[in-house]
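With PDB, C-alpha atoms inside, this is my_file21.pdb:
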```pdb
ATOM      1  CA  MET A 781      19.963  -6.133   7.070
ATOM      2  CA  THR A 782      17.890  -3.842   9.270
ATOM      3  CA  SER A 783      14.769  -5.512  10.627
ATOM      4  CA  VAL A 784      11.479  -3.655  10.196
ATOM      5  CA  SER A 785       7.972  -4.617  11.149
ATOM      6  CA  LEU A 786       4.582  -3.736   9.731
ATOM      7  CA  SER A 787       1.896  -2.268  11.947
ATOM      8  CA  ALA A 788      -1.682  -3.560  11.856
ATOM      9  CA  THR A 789      -2.653  -0.495   9.833
ATOM     10  CA  GLU A 790       0.143  -1.137   7.341
ATOM     11  CA  ILE A 791      -0.884  -4.778   7.009
ATOM     12  CA  GLU A 792      -4.384  -3.631   6.119
ATOM     13  CA  ARG A 793      -3.072  -0.962   3.734
ATOM     14  CA  TYR A 794      -0.746  -3.304   1.858
ATOM     15  CA  LYS A 795      -2.843  -6.477   1.879
ATOM     16  CA  ARG A 796      -3.028  -6.583  -1.946
ATOM     17  CA  HIS A 797       0.772  -6.807  -1.892
ATOM     18  CA  LEU A 798       0.879  -9.239   0.997
ATOM     19  CA  VAL A 799      -1.281 -11.816  -0.783
ATOM     20  CA  LEU A 800       1.094 -11.829  -3.747
ATOM     21  CA  LYS A 801       3.418 -14.770  -3.180
ATOM     22  CA  GLU A 802       6.156 -12.858  -5.020
ATOM     23  CA  VAL A 803       5.918 -10.021  -2.477
ATOM     24  CA  GLY A 804       4.403 -11.154   0.808
ATOM     25  CA  GLY A 805       5.511  -9.891   4.188
ATOM     26  CA  GLN A 806       9.240 -10.062   3.466
ATOM     27  CA  GLY A 807       8.839  -8.134   0.247
ATOM     28  CA  GLN A 808       6.749  -5.444   1.905
ATOM     29  CA  GLN A 809       9.374  -5.129   4.611
ATOM     30  CA  ALA A 810      12.028  -4.747   1.892
ATOM     31  CA  LEU A 811       9.984  -1.910   0.413
ATOM     32  CA  LYS A 812       9.742  -0.284   3.823
ATOM     33  CA  ARG A 813      13.527  -0.485   4.274
ATOM     34  CA  ALA A 814      14.257   0.930   0.817
ATOM     35  CA  ARG A 815      15.505   4.434   0.132
ATOM     36  CA  VAL A 816      14.732   5.811  -3.346
ATOM     37  CA  LEU A 817      15.770   9.169  -4.813
ATOM     38  CA  LEU A 818      13.635  10.835  -7.490
ATOM     39  CA  ILE A 819      15.313  13.340  -9.789
ATOM     40  CA  GLY A 820      12.593  15.846 -10.585
ATOM     41  CA  ALA A 821       9.086  16.404  -9.238
ATOM     42  CA  GLY A 822       7.488  16.986 -12.621
ATOM     43  CA  GLY A 823       5.741  14.847 -15.208
ATOM     44  CA  LEU A 824       7.769  11.679 -14.637
ATOM     45  CA  GLY A 825       8.467  12.353 -10.985
ATOM     46  CA  SER A 826       4.762  12.726 -10.218
ATOM     47  CA  PRO A 827       3.620   9.140 -10.938
ATOM     48  CA  LEU A 828       6.906   7.870  -9.551
ATOM     49  CA  ALA A 829       6.322   9.710  -6.293
ATOM     50  CA  LEU A 830       2.681   8.720  -5.955
ATOM     51  CA  TYR A 831       3.057   5.027  -6.795
ATOM     52  CA  LEU A 832       6.207   4.529  -4.722
ATOM     53  CA  ALA A 833       4.541   6.226  -1.763
ATOM     54  CA  ALA A 834       1.404   4.143  -2.225
ATOM     55  CA  ALA A 835       3.521   0.979  -2.442
ATOM     56  CA  GLY A 836       5.134   1.688   0.914
ATOM     57  CA  VAL A 837       8.691   2.536  -0.089
ATOM     58  CA  GLY A 838      10.018   3.614   3.293
ATOM     59  CA  THR A 839      12.040   6.703   2.386
ATOM     60  CA  ILE A 840      11.631   8.714  -0.802
ATOM     61  CA  GLY A 841      13.881  11.647  -1.549
ATOM     62  CA  ILE A 842      12.757  14.057  -4.254
ATOM     63  CA  ILE A 843      15.028  16.763  -5.628
ATOM     64  CA  ASP A 844      13.914  19.719  -7.738
ATOM     65  CA  ASP A 845      14.538  23.468  -7.525
ATOM     66  CA  ASP A 846      11.490  24.519  -9.544
ATOM     67  CA  HIS A 847       8.090  25.897  -8.517
ATOM     68  CA  VAL A 848       4.655  24.722  -9.654
ATOM     69  CA  SER A 849       3.202  26.691 -12.563
ATOM     70  CA  LEU A 850      -0.260  26.467 -14.097
ATOM     71  CA  ASP A 851       1.026  24.921 -17.313
ATOM     72  CA  ASN A 852       2.563  22.044 -15.304
ATOM     73  CA  LEU A 853      -0.815  20.726 -14.225
ATOM     74  CA  GLN A 854      -1.715  19.148 -17.578
ATOM     75  CA  ARG A 855       0.731  16.318 -16.782
ATOM     76  CA  GLN A 856       2.326  16.794 -13.336
ATOM     77  CA  ILE A 857      -0.320  15.022 -11.278
ATOM     78  CA  ALA A 858       1.421  15.334  -7.912
ATOM     79  CA  HIS A 859       0.390  19.010  -7.896
ATOM     80  CA  THR A 860      -2.940  20.824  -7.771
ATOM     81  CA  THR A 861      -4.170  24.251  -8.750
ATOM     82  CA  ALA A 862      -3.774  25.339  -5.133
ATOM     83  CA  SER A 863      -0.056  24.426  -5.373
ATOM     84  CA  VAL A 864       0.744  26.960  -8.099
ATOM     85  CA  GLY A 865       3.727  29.019  -6.951
ATOM     86  CA  ALA A 866       4.855  26.501  -4.324
ATOM     87  CA  PRO A 867       8.149  24.594  -4.524
ATOM     88  CA  LYS A 868       7.466  21.389  -6.428
ATOM     89  CA  VAL A 869       9.167  19.204  -3.836
ATOM     90  CA  ASN A 870       6.956  20.596  -1.071
ATOM     91  CA  SER A 871       3.797  20.187  -3.139
ATOM     92  CA  ALA A 872       4.713  16.603  -4.067
ATOM     93  CA  ALA A 873       5.618  15.775  -0.461
ATOM     94  CA  GLU A 874       2.200  16.961   0.744
ATOM     95  CA  THR A 875       0.424  14.799  -1.829
ATOM     96  CA  MET A 876       2.573  11.771  -0.975
ATOM     97  CA  ALA A 877       1.900  12.203   2.729
ATOM     98  CA  ALA A 878      -1.824  12.413   2.049
ATOM     99  CA  ILE A 879      -1.641   9.129   0.127
ATOM    100  CA  ASN A 880       0.485   7.301   2.687
ATOM    101  CA  PRO A 881       1.506   8.774   6.045
ATOM    102  CA  HIS A 882       3.680   5.706   6.754
ATOM    103  CA  VAL A 883       6.421   6.745   4.315
ATOM    104  CA  THR A 884       9.124   9.315   4.956
ATOM    105  CA  VAL A 885       9.488  11.947   2.255
ATOM    106  CA  GLU A 886      12.701  13.951   2.039
ATOM    107  CA  PRO A 887      12.042  17.054  -0.104
ATOM    108  CA  LEU A 888      15.282  18.528  -1.453
ATOM    109  CA  ASN A 889      14.525  21.993  -2.804
ATOM    110  CA  MET A 890      17.840  22.401  -4.567
ATOM    111  CA  ARG A 891      19.647  21.877  -7.841
ATOM    112  CA  LEU A 892      21.629  18.700  -8.328
ATOM    113  CA  ASP A 893      25.123  19.606  -9.502
ATOM    114  CA  ALA A 894      28.642  18.267  -9.789
ATOM    115  CA  ASP A 895      29.471  19.362  -6.240
ATOM    116  CA  ASN A 896      26.584  17.674  -4.434
ATOM    117  CA  ALA A 897      25.475  14.804  -6.703
ATOM    118  CA  LEU A 898      27.645  12.066  -5.203
ATOM    119  CA  ASP A 899      26.749  13.028  -1.654
ATOM    120  CA  VAL A 900      23.011  13.179  -2.370
ATOM    121  CA  ILE A 901      22.844  10.015  -4.479
ATOM    122  CA  SER A 902      24.953   7.994  -2.049
ATOM    123  CA  ARG A 903      22.265   8.414   0.627
ATOM    124  CA  TYR A 904      19.816   6.276  -1.366
ATOM    125  CA  ASP A 905      19.643   2.714  -2.667
ATOM    126  CA  ILE A 906      18.079   3.368  -6.073
ATOM    127  CA  VAL A 907      17.704   6.486  -8.215
ATOM    128  CA  ALA A 908      14.877   7.220 -10.683
ATOM    129  CA  ASP A 909      15.655   9.971 -13.167
ATOM    130  CA  GLY A 910      12.731  12.122 -14.286
ATOM    131  CA  SER A 911      14.755  15.106 -15.499
ATOM    132  CA  ASP A 912      14.185  16.698 -18.885
ATOM    133  CA  ASN A 913      17.617  17.884 -20.013
ATOM    134  CA  ALA A 914      20.707  16.078 -21.247
ATOM    135  CA  ALA A 915      23.146  17.705 -18.838
ATOM    136  CA  THR A 916      21.245  16.442 -15.802
ATOM    137  CA  ARG A 917      20.788  12.965 -17.283
ATOM    138  CA  TYR A 918      24.524  12.538 -17.865
ATOM    139  CA  LEU A 919      25.332  13.960 -14.432
ATOM    140  CA  VAL A 920      22.898  11.578 -12.725
ATOM    141  CA  SER A 921      24.080   8.588 -14.726
ATOM    142  CA  ASP A 922      27.768   9.226 -14.070
ATOM    143  CA  ALA A 923      27.160   9.914 -10.382
ATOM    144  CA  CYS A 924      25.138   6.701 -10.036
ATOM    145  CA  TYR A 925      27.983   4.707 -11.554
ATOM    146  CA  LEU A 926      30.578   6.286  -9.280
ATOM    147  CA  ALA A 927      28.307   5.775  -6.245
ATOM    148  CA  ARG A 928      27.437   2.206  -7.366
ATOM    149  CA  ARG A 929      23.710   2.907  -7.392
ATOM    150  CA  THR A 930      21.136   1.449  -9.759
ATOM    151  CA  LEU A 931      19.458   4.028 -12.017
ATOM    152  CA  VAL A 932      15.976   3.707 -13.521
ATOM    153  CA  PHE A 933      15.843   6.058 -16.503
ATOM    154  CA  GLY A 934      12.833   7.562 -18.247
ATOM    155  CA  ALA A 935      12.386  10.090 -21.039
ATOM    156  CA  VAL A 936       9.463  11.289 -23.138
ATOM    157  CA  GLY A 937       8.705  12.899 -26.479
ATOM    158  CA  PRO A 938       5.386  14.376 -27.621
ATOM    159  CA  PHE A 939       3.786  10.933 -28.143
ATOM    160  CA  ASP A 940       6.520   8.492 -27.178
ATOM    161  CA  GLY A 941       8.633   7.444 -24.241
ATOM    162  CA  TYR A 942      11.640   5.393 -23.186
ATOM    163  CA  VAL A 943      12.522   3.422 -20.064
ATOM    164  CA  SER A 944      15.621   1.483 -19.082
ATOM    165  CA  THR A 945      17.573   0.436 -16.012
ATOM    166  CA  PHE A 946      21.294   1.080 -15.724
ATOM    167  CA  LYS A 947      23.471  -0.769 -13.231
ATOM    168  CA  PRO A 948      26.916  -0.885 -14.859
ATOM    169  CA  HIS A 949      28.553  -1.457 -11.470
ATOM    170  CA  LEU A 950      27.077  -4.974 -11.632
ATOM    171  CA  ARG A 951      27.531  -7.852 -14.075
ATOM    172  CA  GLY A 952      25.032  -9.998 -15.917
ATOM    173  CA  THR A 953      24.869 -13.787 -16.020
ATOM    174  CA  ASP A 954      27.570 -13.842 -18.724
ATOM    175  CA  ASP A 955      29.922 -11.920 -16.378
ATOM    176  CA  THR A 956      29.846  -8.897 -18.706
ATOM    177  CA  PRO A 957      29.087  -5.538 -17.055
ATOM    178  CA  PHE A 958      25.595  -4.214 -17.566
ATOM    179  CA  PRO A 959      25.579  -1.209 -19.925
ATOM    180  CA  SER A 960      25.652   2.373 -18.712
ATOM    181  CA  TYR A 961      23.736   5.330 -20.098
ATOM    182  CA  ARG A 962      26.901   6.235 -22.012
ATOM    183  CA  CYS A 963      26.804   2.850 -23.757
ATOM    184  CA  LEU A 964      23.477   3.944 -25.244
ATOM    185  CA  PHE A 965      24.295   7.639 -25.721
ATOM    186  CA  PRO A 966      28.103   8.070 -25.611
ATOM    187  CA  GLU A 967      28.179  11.875 -25.601
ATOM    188  CA  PRO A 968      25.664  14.591 -24.702
ATOM    189  CA  PRO A 969      24.408  16.834 -27.487
ATOM    190  CA  PRO A 970      25.580  20.451 -27.613
ATOM    191  CA  ALA A 971      23.970  22.660 -24.981
ATOM    192  CA  ASN A 972      20.430  23.816 -25.814
ATOM    193  CA  GLU A 973      20.284  21.548 -28.891
ATOM    194  CA  GLY A 974      17.175  19.456 -29.418
ATOM    195  CA  PRO A 975      13.451  20.019 -28.788
ATOM    196  CA  ASN A 976      12.093  21.257 -25.484
ATOM    197  CA  CYS A 977       8.691  20.083 -24.264
ATOM    198  CA  SER A 978       7.617  23.700 -23.762
ATOM    199  CA  ASP A 979       8.181  24.280 -27.497
ATOM    200  CA  VAL A 980       6.908  21.024 -29.042
ATOM    201  CA  GLY A 981       4.410  19.941 -26.385
ATOM    202  CA  VAL A 982       3.722  16.550 -24.858
ATOM    203  CA  LEU A 983       0.548  14.516 -24.361
ATOM    204  CA  GLY A 984       0.134  14.444 -20.595
ATOM    205  CA  ALA A 985      -0.976  10.837 -20.269
ATOM    206  CA  VAL A 986       2.131   9.627 -22.152
ATOM    207  CA  VAL A 987       4.277  11.071 -19.379
ATOM    208  CA  GLY A 988       2.113   9.209 -16.880
ATOM    209  CA  VAL A 989       2.658   5.906 -18.690
ATOM    210  CA  ILE A 990       6.442   6.284 -18.644
ATOM    211  CA  GLY A 991       6.607   7.467 -15.025
ATOM    212  CA  THR A 992       4.429   4.539 -13.978
ATOM    213  CA  LEU A 993       6.677   2.119 -15.868
ATOM    214  CA  GLN A 994       9.657   3.617 -14.037
ATOM    215  CA  ALA A 995       7.896   3.093 -10.711
ATOM    216  CA  THR A 996       7.250  -0.536 -11.655
ATOM    217  CA  GLU A 997      10.928  -1.074 -12.490
ATOM    218  CA  VAL A 998      12.007   0.515  -9.201
ATOM    219  CA  LEU A 999       9.716  -1.839  -7.285
ATOM    220  CA  LYS A1000      11.021  -4.820  -9.283
ATOM    221  CA  GLU A1001      14.606  -3.893  -8.438
ATOM    222  CA  ILE A1002      13.830  -3.566  -4.725
ATOM    223  CA  LEU A1003      11.916  -6.845  -4.643
ATOM    224  CA  GLY A1004      14.156  -8.766  -7.035
ATOM    225  CA  LEU A1005      11.208  -9.654  -9.256
ATOM    226  CA  GLY A1006      11.016 -10.588 -12.908
ATOM    227  CA  THR A1007      13.485  -9.648 -15.619
ATOM    228  CA  THR A1008      15.416  -6.430 -15.215
ATOM    229  CA  LEU A1009      15.416  -3.766 -17.921
ATOM    230  CA  ALA A1010      19.202  -3.558 -17.548
ATOM    231  CA  GLY A1011      20.528  -4.253 -21.036
ATOM    232  CA  ARG A1012      17.246  -3.311 -22.690
ATOM    233  CA  LEU A1013      15.535  -0.094 -23.767
ATOM    234  CA  LEU A1014      11.739  -0.186 -23.638
ATOM    235  CA  ILE A1015      10.132   2.110 -26.225
ATOM    236  CA  TYR A1016       6.496   3.237 -26.110
ATOM    237  CA  ASP A1017       4.747   4.624 -29.187
ATOM    238  CA  ALA A1018       1.456   6.052 -27.971
ATOM    239  CA  LEU A1019       0.023   6.851 -31.402
ATOM    240  CA  ALA A1020       0.590   3.280 -32.623
ATOM    241  CA  GLY A1021      -0.367   1.766 -29.263
ATOM    242  CA  ARG A1022       2.830  -0.281 -29.337
ATOM    243  CA  PHE A1023       5.739  -1.232 -27.098
ATOM    244  CA  GLU A1024       9.108  -2.382 -28.427
ATOM    245  CA  SER A1025      12.227  -3.553 -26.623
ATOM    246  CA  VAL A1026      15.746  -3.254 -28.040
ATOM    247  CA  SER A1027      18.915  -4.744 -26.590
ATOM    248  CA  VAL A1028      21.671  -2.488 -25.284
ATOM    249  CA  GLY A1029      25.119  -3.966 -24.755
ATOM    250  CA  TRP A1030      28.107  -2.872 -22.706
ATOM    251  CA  ASP A1031      30.482  -0.727 -24.750
ATOM    252  CA  PRO A1032      34.057  -1.378 -23.558
ATOM    253  CA  GLU A1033      35.035   1.970 -25.117
ATOM    254  CA  ASN A1034      32.516   4.049 -23.168
ATOM    255  CA  ALA A1035      33.952   6.902 -21.167
ATOM    256  CA  ILE A1036      32.864   5.951 -17.648
ATOM    257  CA  SER A1037      32.460   2.196 -17.303
ATOM    258  CA  GLY A1038      34.646   1.057 -20.182
ATOM    259  CA  VAL A1039      37.992  -0.725 -20.039
ATOM    260  CA  ASN A1040      39.966   2.531 -19.930
ATOM    261  CA  PRO A1041      37.586   5.150 -18.509
ATOM    262  CA  SER A1042      38.363   8.813 -19.073
ATOM    263  CA  ILE A1043      35.738   9.948 -16.535
ATOM    264  CA  THR A1044      36.710   9.198 -12.950
ATOM    265  CA  ASP A1045      34.910  12.031 -11.146
ATOM    266  CA  LEU A1046      32.186  14.601 -11.852
ATOM    267  CA  SER A1047      34.407  17.549 -12.704
ATOM    268  CA  ILE A1048      33.366  17.527 -16.379
ATOM    269  CA  HIS A1049      29.813  18.311 -15.277
ATOM    270  CA  ALA A1050      30.608  21.498 -13.360
ATOM    271  CA  ALA A1051      29.949  23.932 -16.225
ATOM    272  CA  ALA A1052      26.954  22.071 -17.645
ATOM    273  CA  ALA A1053      25.239  21.676 -14.295
ATOM    274  CA  ASN A1054      25.432  25.398 -13.694
ATOM    275  CA  ARG A1055      23.432  25.998 -16.877
ATOM    276  CA  ASN A1056      20.661  23.455 -16.293
ATOM    277  CA  SER A1057      18.161  22.881 -13.526
ATOM    278  CA  THR A1058      16.787  19.553 -12.344
ATOM    279  CA  CYS A1059      13.240  20.406 -13.321
ATOM    280  CA  ALA A1060      11.320  17.650 -15.071
ATOM    281  CA  ALA A1061       8.995  17.024 -17.960
TER
END
```
Translate the structure of the given file into structure tokens.
Amino acid sequence: MTSVSLSATEIERYKRHLVLKEVGGQGQQALKRARVLLIGAGGLGSPLALYLAAAGVGTIGIIDDDHVSLDNLQRQIAHTTASVGAPKVNSAAETMAAINPHVTVEPLNMRLDADNALDVISRYDIVADGSDNAATRYLVSDACYLARRTLVFGAVGPFDGYVSTFKPHLRGTDDTPFPSYRCLFPEPPPANEGPNCSDVGVLGAVVGVIGTLQATEVLKEILGLGTTLAGRLLIYDALAGRFESVSVGWDPENAISGVNPSITDLSIHAAAANRNSTCAA
């Protein structure tokens, strides 16, 4: 394990973490050593980026090939009016640096696809998916499994949201593998099927709630705190003001982490990835 130290300025900055007995100096050093990749610099990626930077996660990669538009600003809080027209990853990186100059931000102004996903994801310890299309979600999930990386998943509807953690390369206390995304959703829907947030809309603050929950789960995974969301799907109903949690089990028939997997590489994603960008809600 690489040793890192905290400067006097960092000690002052993170003192609300340092006084937590569950975090302390060792935990803050673990955050500083961590490398986290964010898929998307949009509605979910924005609170993820800001809270992980504020928390002192040492290296944060953020991948997106989109540019900031005016209609993003209702929910994508990493960007400002002055950022309209700029690459989202550059805009987010500037905001993150303004919040915390002690973290390293790696903006990746590119599309994640079947050719580069394993290489990009393998450079990081944990991945947080803030994408808004099924093709990217399945690509990210499959690549994380093949690269043996933990994935913190988030998705939103107009007034609802969903969060879970997938680490099917690891086993739970009963020695059963944790479920994968494909245990929850075995197959992607047909291309372009289902609602798009640009058509049905989304309440901006709901996206902030889900992205912030994702950031919390990332920090928990780095620090080894609390109960993981692996094996559970957390559901938020904003209109009812209610959270629910449902269990998700490992499906031995699933196509990637099952007993007899049919997916052993990312070749099935080549066509789909070429039709979808890694922009986010």
To test the calculation: enclose all listed atoms of stretch 800-807 of chain A in a box whose edges run along x, y and z, add 5 Å on each side, then state centre and edge lengths in Å to one decimal, as JSON.
```
{"center_x": 5.2, "center_y": -11.5, "center_z": -0.4, "size_x": 18.1, "size_y": 16.6, "size_z": 19.2}
```
Pick from A:Arg796, A:His859, A:Arg813, A:Lys1000 nearest to A:Pro827, counting only C-alpha atoms: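 Once distances to A:Pro827 are computed over only C-alpha atoms, the minimum belongs to A:His859.
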Under the PyMOL selection byres ((chain A and resi 911) around 12), which residues of this model are included? Write them out as a PDB file with C-alpha atoms, in the coordinates of the input.
```pdb
ATOM      1  CA  LEU A 818      13.635  10.835  -7.490  1.00  0.00           C
ATOM      2  CA  ILE A 819      15.313  13.340  -9.789  1.00  0.00           C
ATOM      3  CA  GLY A 820      12.593  15.846 -10.585  1.00  0.00           C
ATOM      4  CA  ALA A 821       9.086  16.404  -9.238  1.00  0.00           C
ATOM      5  CA  GLY A 822       7.488  16.986 -12.621  1.00  0.00           C
ATOM      6  CA  GLY A 823       5.741  14.847 -15.208  1.00  0.00           C
ATOM      7  CA  LEU A 824       7.769  11.679 -14.637  1.00  0.00           C
ATOM      8  CA  GLY A 825       8.467  12.353 -10.985  1.00  0.00           C
ATOM      9  CA  SER A 826       4.762  12.726 -10.218  1.00  0.00           C
ATOM     10  CA  ILE A 842      12.757  14.057  -4.254  1.00  0.00           C
ATOM     11  CA  ILE A 843      15.028  16.763  -5.628  1.00  0.00           C
ATOM     12  CA  ASP A 844      13.914  19.719  -7.738  1.00  0.00           C
ATOM     13  CA  ASP A 845      14.538  23.468  -7.525  1.00  0.00           C
ATOM     14  CA  ASP A 846      11.490  24.519  -9.544  1.00  0.00           C
ATOM     15  CA  ARG A 891      19.647  21.877  -7.841  1.00  0.00           C
ATOM     16  CA  LEU A 892      21.629  18.700  -8.328  1.00  0.00           C
ATOM     17  CA  VAL A 907      17.704   6.486  -8.215  1.00  0.00           C
ATOM     18  CA  ALA A 908      14.877   7.220 -10.683  1.00  0.00           C
ATOM     19  CA  ASP A 909      15.655   9.971 -13.167  1.00  0.00           C
ATOM     20  CA  GLY A 910      12.731  12.122 -14.286  1.00  0.00           C
ATOM     21  CA  ASP A 912      14.185  16.698 -18.885  1.00  0.00           C
ATOM     22  CA  ASN A 913      17.617  17.884 -20.013  1.00  0.00           C
ATOM     23  CA  ALA A 914      20.707  16.078 -21.247  1.00  0.00           C
ATOM     24  CA  ALA A 915      23.146  17.705 -18.838  1.00  0.00           C
ATOM     25  CA  THR A 916      21.245  16.442 -15.802  1.00  0.00           C
ATOM     26  CA  ARG A 917      20.788  12.965 -17.283  1.00  0.00           C
ATOM     27  CA  TYR A 918      24.524  12.538 -17.865  1.00  0.00           C
ATOM     28  CA  LEU A 919      25.332  13.960 -14.432  1.00  0.00           C
ATOM     29  CA  VAL A 920      22.898  11.578 -12.725  1.00  0.00           C
ATOM     30  CA  SER A 921      24.080   8.588 -14.726  1.00  0.00           C
ATOM     31  CA  VAL A 932      15.976   3.707 -13.521  1.00  0.00           C
ATOM     32  CA  PHE A 933      15.843   6.058 -16.503  1.00  0.00           C
ATOM     33  CA  GLY A 934      12.833   7.562 -18.247  1.00  0.00           C
ATOM     34  CA  ALA A 935      12.386  10.090 -21.039  1.00  0.00           C
ATOM     35  CA  VAL A 936       9.463  11.289 -23.138  1.00  0.00           C
ATOM     36  CA  CYS A 977       8.691  20.083 -24.264  1.00  0.00           C
ATOM     37  CA  VAL A 987       4.277  11.071 -19.379  1.00  0.00           C
ATOM     38  CA  GLY A 991       6.607   7.467 -15.025  1.00  0.00           C
ATOM     39  CA  ASN A1056      20.661  23.455 -16.293  1.00  0.00           C
ATOM     40  CA  SER A1057      18.161  22.881 -13.526  1.00  0.00           C
ATOM     41  CA  THR A1058      16.787  19.553 -12.344  1.00  0.00           C
ATOM     42  CA  CYS A1059      13.240  20.406 -13.321  1.00  0.00           C
ATOM     43  CA  ALA A1060      11.320  17.650 -15.071  1.00  0.00           C
ATOM     44  CA  ALA A1061       8.995  17.024 -17.960  1.00  0.00           C
TER      45      ALA A1061
END
```
Of the listed residues A:Arg928, A:Lys795, A:His847, A:Arg1012, that which approaches A:Asn889 most closely, counting only C-alpha atoms: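 Checking each of A:Arg928, A:Lys795, A:His847, A:Arg1012 against A:Asn889, counting only C-alpha atoms, the winner is A:His847.
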message: Can you tell me which residues surround A:Ile840 at a distance of at most 7 Å, considering only C-alpha atoms, apart from same-chain residues fewer than 3 positions away, and format the answer as a ChimeraX atom specification?
response: /A:815-817,837,884-886
- prompt: If we count all atoms listed in the file, what is near A:His797 at a cut-off of 12 Å, once residues fewer than 4 positions away on the same chain are taken out, given as a PyMOL selection string?
  reply: chain A and resi 790-793+801-809+811+834-836+999+1003
- prompt: Written as a VMD selection string, what is the full residue list that the PyMOL selection byres ((chain A and resi 1017-1032) around 7) yields on the file shown?
  reply: chain A and resid 939 to 941 957 to 959 963 to 964 986 1011 to 1016 1033 to 1034 1038 to 1039
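Atom pair atom CA of A:Gln854 / atom CA of A:Ile879: separated by 20.3 Å.
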Distance query A:Thr875 at most 9 Å, only C-alpha atoms, self and fewer than 3 positions along chain excluded, as a list in words: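 Everything that qualifies: Ala829, Leu830, Ala858, His859, Asn870, Ser871, Ala872, Ala878, Ile879 and Asn880 of chain A.
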task: Could you check which of A:Leu832, A:Leu850, A:Leu993, A:Leu898 is closest to A:Ala877, using all atoms listed in the file?
output: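 Nearest candidate to A:Ala877 out of A:Leu832, A:Leu850, A:Leu993, A:Leu898: A:Leu832.
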query: What does the distance from atom CA of A:Asp922 to atom CA of A:Lys868 come to in Å, to one decimal?
result: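 Computed distance, atom CA of A:Asp922 to atom CA of A:Lys868, equals 24.9 Å.
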query: Mind pulling up the distance from atom CA of A:Thr789 to atom CA of A:Gly838?
result: 14.8 Å
- prompt: Restricting the calculation to all atoms listed in the file, which member of A:Gly981, A:Ala1035, A:Asp893, A:Asp955 is positioned closest to A:Ser1047?
  reply: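 Once distances to A:Ser1047 are computed over all atoms listed in the file, the minimum belongs to A:Asp893.
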task: Considering only C-alpha atoms, state which residue in the set A:Ile990, A:Asp895, A:Gly984, A:Ser1037 is at the smallest distance from A:His1049.
output: A:Asp895
message: With distances taken over all atoms listed in the file, which residue among A:Ala814, A:Ala862, A:Val989, A:Ile1002 lies nearest A:Tyr942?
response: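 Checking each candidate against A:Tyr942, we get A:Val989 as the closest.
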